[in-house]
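Notes to accompany the following structure.
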Amino acid sequence: MNAHPDTPPPGPSRRRFLGGAAATVAGVGVGLGVGGAAGFGLGTARADAATTAAVDQAVAATATSRADAVVDFYGGHQAGVTTAAQERLMFAALDVTTTDVTELQRLLGRWAAMAARMTRGEPVSSSPTKPEQPPFDTGEAMDLGPHSLTITVGFGPSLFDDRFGLADRRPAALAPFGTVPGDAVMRPELSDGDLCIQACADDPQVVFHAIRNLVRAARGTATLRWSQLGFGRASATGAGQSTPRNLFGFKDGTRNIHADDQAALDRWVWVDAQDSAGPATDWMTGGSYLVARKIRMEIESWDTDELSDQEKIFGRVKATGAPLTGGDEFTAVDYEATGSDGQPVIDVAAHIRLAGPENNGGVRLLRRGYNYTDGQDPATGKLAAGLFFIAFQRDPQAQFKVLQTRLGKSDLLNEYIAHIGGGLWACPPGLSAVGDWYGKALFSPATS
Ligand SMILES: C=CC1=C(C)c2cc3[nH]c(cc4nc(cc5[nH]c(cc1n2)c(C)c5CCC(=O)O)C(CCC(=O)O)=C4C)c(C)c3C=C
Ligand SMILES: [Fe+2]
């Protein structure tokens, strides 16, 4: 393998910081054109978590523009999980078309090099394009700034079939779900994929550019299976981030796991060394499992429903997000409270009762979804819109699957939603430094 010719990133943490100076750090030639293979070799240095707080403070003091904000690419965990949710999403699922494991590894190395550059607001390669060549970078993000771009890569269960010698390396947590309640109308062409890429940023063209160029660099190795644009965040993940609203008009993410809740992150989001059954599956330590669900929301029907019924469905007040049992948005829910009719104030089938940790053995998720629209459904004339639900977790079998089984059976919300696509992917830990690549520890026994 070649030594990686890219330059080191400008900071030790994966928090947002001013990228103007970073942009002056010149990348040097990485042949990333179609069919080109970026070199990728040994990476050693780990981000120093202890410096994170100090860097965050410096960032807060110096950041001048949202366009210039950079989320550091390197660190113990991939960015785009606990990163304060940006405004825009493009998500892509790909199928690997080669059976050559080395080609797959080269792709993951190319993606690492390109992602490192794009998240700093740089074009995918600093090599000059010859006039007779297509440009290395497609160009539409030129001059836009990084806008806090994060790129998060994951591996689907199907990657662990017999093509790449990975069958014994699939963690039990990455088992396909099978059919879960609520999955009756899932569409195969909007579901699954060997690889996934989540690109988030505060600019729509920046996320499109990232996915477009990563898919382009996969030509000959992987093809796009399906993709989704999200136009507005539907969850708060950053400490102090305001709670946004979903397309039913309710505050979404009130009781989410937030980035400053380290105990909850360790318990519910990051895969721990103890989770692995042995050396074959310990490559996920420090990673997290991504579950995506494209959930169509029946907006026209919802808009005819009376306010009191809408609030009963969620168990919360539409305007404020407060539980129906009183207080403000962040007041604890009183599941025991009964009304003058003797019935529970929070309906037995209300969304928050069924999804809440109090009623699920403590189970929690880090939700990081986006509102989406695909325009109008030509078959019905209705708005094709909903929630592109994304959740990160330490064990999807014990977290998402448990919650969705419960919700799919009896959630009042089911009258107005349909899960039409999605999938499960294992997002490996963060990349340590230049030369590291996505899933290096997954493939290392096969390449040594
Ligand atoms: C399987 C997991 C979940 C799916 C699928 C899901 C779909 C979904 N949710 C909303 C809107 C809201 N969800 C809220 C809370 C909430 N939802 C889940 C899980 C799933 N939601 C959890 C774990 C929680 C937290 C429960 C709790 O701790 O009380 C809320 C309330 C505000 C909040 O805390 O975020 C809303 C609103 C929609 C519209 C939707 C599918 C389209
Ligand atoms: Fe929910």
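Note on naming: chains are A, B, ... as they come in the structure tokens, residues start from 1 per chain, ligands start from 1 in the order shown.
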Could you list, as number ranges by chain, all residues that come within 7 Å of ligand 1? Count only C-alpha atoms and all ligand atoms. A: 246, 248, 250-256, 293, 295-297, 314, 316, 321, 351-353, 355-357, 364-365, 386-387, 389, 400-401, 403-404, 407, 417
Where does DSSP see strand (DSSP E or B) in range 136-345 of chain A, if you list the residues as a ChimeraX atom specification? /A:150-155,191,195-201,222-230,232-233,245,251,288-297,316,323,338,344
Could you take the residues named above and write them with N, CA and C atoms, as a short mmCIF file (atom, residue, chain, number, x, y, z; two decimals), in the first residue's frame?
data_model
loop_
_atom_site.label_atom_id
_atom_site.label_comp_id
_atom_site.auth_asym_id
_atom_site.auth_seq_id
_atom_site.Cartn_x
_atom_site.Cartn_y
_atom_site.Cartn_z
N THR A 150 -20.16 16.74 8.24
CA THR A 150 -19.68 15.48 8.81
C THR A 150 -20.04 14.36 7.84
N ILE A 151 -19.17 13.38 7.77
CA ILE A 151 -19.41 12.22 6.90
C ILE A 151 -19.24 10.98 7.77
N THR A 152 -20.29 10.18 7.84
CA THR A 152 -20.31 9.01 8.71
C THR A 152 -20.57 7.79 7.84
N VAL A 153 -19.68 6.82 7.92
CA VAL A 153 -19.75 5.65 7.03
C VAL A 153 -20.10 4.41 7.85
N GLY A 154 -20.95 3.55 7.26
CA GLY A 154 -21.34 2.31 7.95
C GLY A 154 -21.36 1.11 7.03
N PHE A 155 -21.32 -0.07 7.65
CA PHE A 155 -21.31 -1.35 6.93
C PHE A 155 -22.59 -2.11 7.24
N SER A 191 -34.38 0.24 0.77
CA SER A 191 -33.91 -0.40 2.00
C SER A 191 -32.54 -1.05 1.82
N LEU A 195 -23.14 -0.64 2.13
CA LEU A 195 -22.46 0.49 2.76
C LEU A 195 -23.46 1.63 2.91
N CYS A 196 -23.25 2.47 3.90
CA CYS A 196 -24.04 3.70 3.95
C CYS A 196 -23.12 4.88 4.22
N ILE A 197 -23.57 6.03 3.75
CA ILE A 197 -22.88 7.30 4.03
C ILE A 197 -23.93 8.30 4.50
N GLN A 198 -23.72 8.84 5.69
CA GLN A 198 -24.55 9.93 6.19
C GLN A 198 -23.73 11.22 6.08
N ALA A 199 -24.18 12.15 5.26
CA ALA A 199 -23.51 13.46 5.17
C ALA A 199 -24.45 14.51 5.76
N CYS A 200 -23.97 15.24 6.75
CA CYS A 200 -24.76 16.30 7.37
C CYS A 200 -23.96 17.61 7.35
N ALA A 201 -24.64 18.72 7.09
CA ALA A 201 -23.99 20.03 7.09
C ALA A 201 -25.09 21.09 7.18
N ALA A 222 -18.55 0.16 -6.25
CA ALA A 222 -19.86 0.15 -5.58
C ALA A 222 -20.79 1.09 -6.35
N THR A 223 -22.08 0.81 -6.28
CA THR A 223 -23.06 1.69 -6.95
C THR A 223 -24.10 2.16 -5.94
N LEU A 224 -24.67 3.30 -6.26
CA LEU A 224 -25.72 3.86 -5.41
C LEU A 224 -26.95 2.96 -5.47
N ARG A 225 -27.47 2.59 -4.30
CA ARG A 225 -28.68 1.75 -4.24
C ARG A 225 -29.91 2.63 -4.03
N TRP A 226 -29.81 3.54 -3.05
CA TRP A 226 -30.89 4.52 -2.83
C TRP A 226 -30.30 5.68 -2.03
N SER A 227 -31.01 6.78 -2.02
CA SER A 227 -30.50 7.95 -1.28
C SER A 227 -31.67 8.78 -0.78
N GLN A 228 -31.39 9.67 0.14
CA GLN A 228 -32.44 10.52 0.72
C GLN A 228 -31.87 11.88 1.12
N LEU A 229 -32.59 12.92 0.74
CA LEU A 229 -32.27 14.26 1.21
C LEU A 229 -33.16 14.59 2.41
N GLY A 230 -32.60 15.22 3.42
CA GLY A 230 -33.39 15.71 4.54
C GLY A 230 -33.22 17.22 4.62
N GLY A 232 -34.52 19.43 7.12
CA GLY A 232 -34.52 20.11 8.42
C GLY A 232 -34.32 19.10 9.51
N ARG A 233 -33.49 19.44 10.47
CA ARG A 233 -33.21 18.47 11.54
C ARG A 233 -34.49 18.26 12.35
N ARG A 245 -39.00 20.98 15.30
CA ARG A 245 -40.33 20.36 15.15
C ARG A 245 -40.33 19.42 13.95
N LYS A 251 -42.66 19.30 18.80
CA LYS A 251 -41.23 19.33 19.16
C LYS A 251 -40.72 17.91 19.23
N SER A 288 -20.70 2.72 16.57
CA SER A 288 -22.10 2.79 16.95
C SER A 288 -22.93 2.26 15.78
N TYR A 289 -24.09 1.70 16.08
CA TYR A 289 -24.96 1.16 15.04
C TYR A 289 -26.00 2.19 14.63
N LEU A 290 -26.11 2.37 13.31
CA LEU A 290 -27.06 3.35 12.75
C LEU A 290 -28.28 2.59 12.23
N VAL A 291 -29.45 2.96 12.72
CA VAL A 291 -30.71 2.47 12.14
C VAL A 291 -31.38 3.65 11.46
N ALA A 292 -31.72 3.46 10.19
CA ALA A 292 -32.48 4.50 9.47
C ALA A 292 -33.84 3.95 9.11
N ARG A 293 -34.85 4.79 9.17
CA ARG A 293 -36.19 4.44 8.73
C ARG A 293 -36.76 5.63 7.96
N LYS A 294 -37.13 5.38 6.70
CA LYS A 294 -37.86 6.40 5.96
C LYS A 294 -39.33 6.22 6.33
N ILE A 295 -39.87 7.17 7.08
CA ILE A 295 -41.23 7.04 7.60
C ILE A 295 -42.12 8.07 6.93
N ARG A 296 -42.97 7.57 6.07
CA ARG A 296 -43.93 8.45 5.38
C ARG A 296 -44.96 8.93 6.39
N MET A 297 -45.27 10.22 6.38
CA MET A 297 -46.26 10.78 7.30
C MET A 297 -47.47 11.23 6.49
N ARG A 316 -48.10 14.80 24.46
CA ARG A 316 -47.49 16.11 24.74
C ARG A 316 -48.32 17.24 24.14
N PRO A 323 -45.34 17.65 28.66
CA PRO A 323 -46.20 16.46 28.77
C PRO A 323 -47.62 16.88 29.13
N THR A 338 -54.12 10.32 36.44
CA THR A 338 -55.40 10.01 35.80
C THR A 338 -56.25 11.28 35.76
N PRO A 344 -55.98 7.19 32.27
CA PRO A 344 -54.63 7.78 32.30
C PRO A 344 -54.57 9.05 31.44
#
Between A:Ser65, A:Asn414, A:Gln78, A:Ser276, which residue has the minimum interatomic distance to ligand 2, considering only C-alpha atoms and all ligand atoms?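 With only C-alpha atoms and all ligand atoms as the atom set, the closest residue is A:Asn414.
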Near Phe208 in chain A, counting only C-alpha atoms, which residues have an atom at most 7 Å away, once you skip same-chain residues fewer than 4 positions from it, shown as a tab-separated table (two decimals) with N, CA and C atoms, in the first residue's frame?
chain	number	residue	atom	x	y	z
A	90	MET	N	-27.82	14.47	3.56
A	90	MET	CA	-28.00	13.56	2.44
A	90	MET	C	-27.47	12.21	2.88
A	204	PRO	N	-27.35	22.77	1.98
A	204	PRO	CA	-27.82	21.62	1.19
A	204	PRO	C	-26.86	21.21	0.08
A	212	ARG	N	-22.29	13.06	-3.75
A	212	ARG	CA	-22.04	12.92	-5.19
A	212	ARG	C	-20.60	12.49	-5.46
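Atom to atom, CA of His419 in chain A and CA of Ala234 in chain A stand 16.5 Å apart.
Backbone DSSP assigns helix (DSSP H, G or I) in range 280-330 of chain A to A:Asp282, A:Trp283, A:Met284, A:Ile299, A:Glu300, A:Ser301, A:Trp302, A:Leu307, A:Ser308, A:Asp309, A:Gln310, A:Glu311, A:Lys312, A:Ile313, A:Phe314.
The residue that comes closest to Leu159 in chain A, out of A:Ala115, A:Val269, A:Leu424, A:Met186 and on the basis of only C-alpha atoms, is A:Leu424.
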Between A:Lys312, A:Leu107, A:Phe177, A:Val101, which is the closest to Gly165 in chain A once you count only C-alpha atoms?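 Closest to Gly165 in chain A of all the choices is A:Val101.
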In Å, how far is it from CA of Ser127 in chain A to CA of Thr98 in chain A?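 Here the two named atoms are 26.8 Å from each other.
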Would you pick out the contacts of range 166-173 of chain A at 12 Å or less, using only C-alpha atoms, so that residues sharing its chain but fewer than 6 positions from it are not included, and give the list as a compact mmCIF listing (two decimals) with C-alpha atoms, in the first residue's frame?
# COMPACT_ATOMS: atom_id res chain seq x y z
CA THR A 99 -15.76 -9.26 -5.25
CA VAL A 101 -11.60 -7.27 -1.17
CA PHE A 155 -21.31 -1.35 6.93
CA GLY A 156 -24.56 -3.26 6.37
CA PRO A 157 -25.19 -6.89 7.33
CA SER A 158 -25.03 -7.88 3.63
CA LEU A 159 -21.33 -6.92 3.46
CA PHE A 160 -20.66 -9.90 5.71
CA VAL A 271 -19.93 0.02 21.48
CA ASP A 275 -19.70 -6.04 23.80
CA SER A 276 -17.58 -8.07 21.43
CA ALA A 277 -17.73 -11.85 21.44
CA GLY A 278 -13.97 -12.01 20.78
CA PRO A 279 -11.19 -10.67 18.57
CA ALA A 280 -13.17 -11.36 15.37
CA THR A 281 -15.80 -8.77 16.22
CA ASP A 282 -13.92 -6.28 18.41
CA TRP A 283 -13.41 -3.95 15.42
CA MET A 284 -16.64 -2.16 16.41
CA THR A 285 -15.31 -0.97 19.78
CA GLY A 287 -18.33 2.59 16.96
CA SER A 288 -22.10 2.79 16.95
CA TYR A 289 -24.96 1.16 15.04
CA LEU A 290 -27.06 3.35 12.75
CA VAL A 291 -30.71 2.47 12.14
CA GLN A 393 -27.11 2.91 19.48
CA ARG A 394 -24.81 0.38 21.07
CA ASP A 395 -26.98 -2.68 20.32
CA PRO A 396 -29.82 -2.32 17.81
CA GLN A 397 -31.26 -5.73 18.73
CA ALA A 398 -31.77 -4.61 22.33
CA GLN A 399 -32.64 -0.99 21.54
CA PHE A 400 -34.30 -0.06 18.21
CA LYS A 401 -35.80 -3.50 17.62
CA LEU A 424 -29.10 -1.13 9.71
CA TRP A 425 -25.39 -0.36 9.47
CA ALA A 426 -22.38 -0.71 11.74
CA CYS A 427 -20.46 2.56 11.87
CA PRO A 428 -16.92 1.69 12.96
CA GLY A 439 -13.01 -0.30 8.91
CA ALA A 441 -9.54 -3.03 12.02
CA LEU A 442 -12.34 -5.02 10.37
CA PHE A 443 -10.16 -5.98 7.44
CA SER A 444 -6.77 -6.22 9.13
CA PRO A 445 -6.76 -10.01 9.69
CA ALA A 446 -7.66 -10.54 6.05
CA THR A 447 -4.81 -8.36 4.80
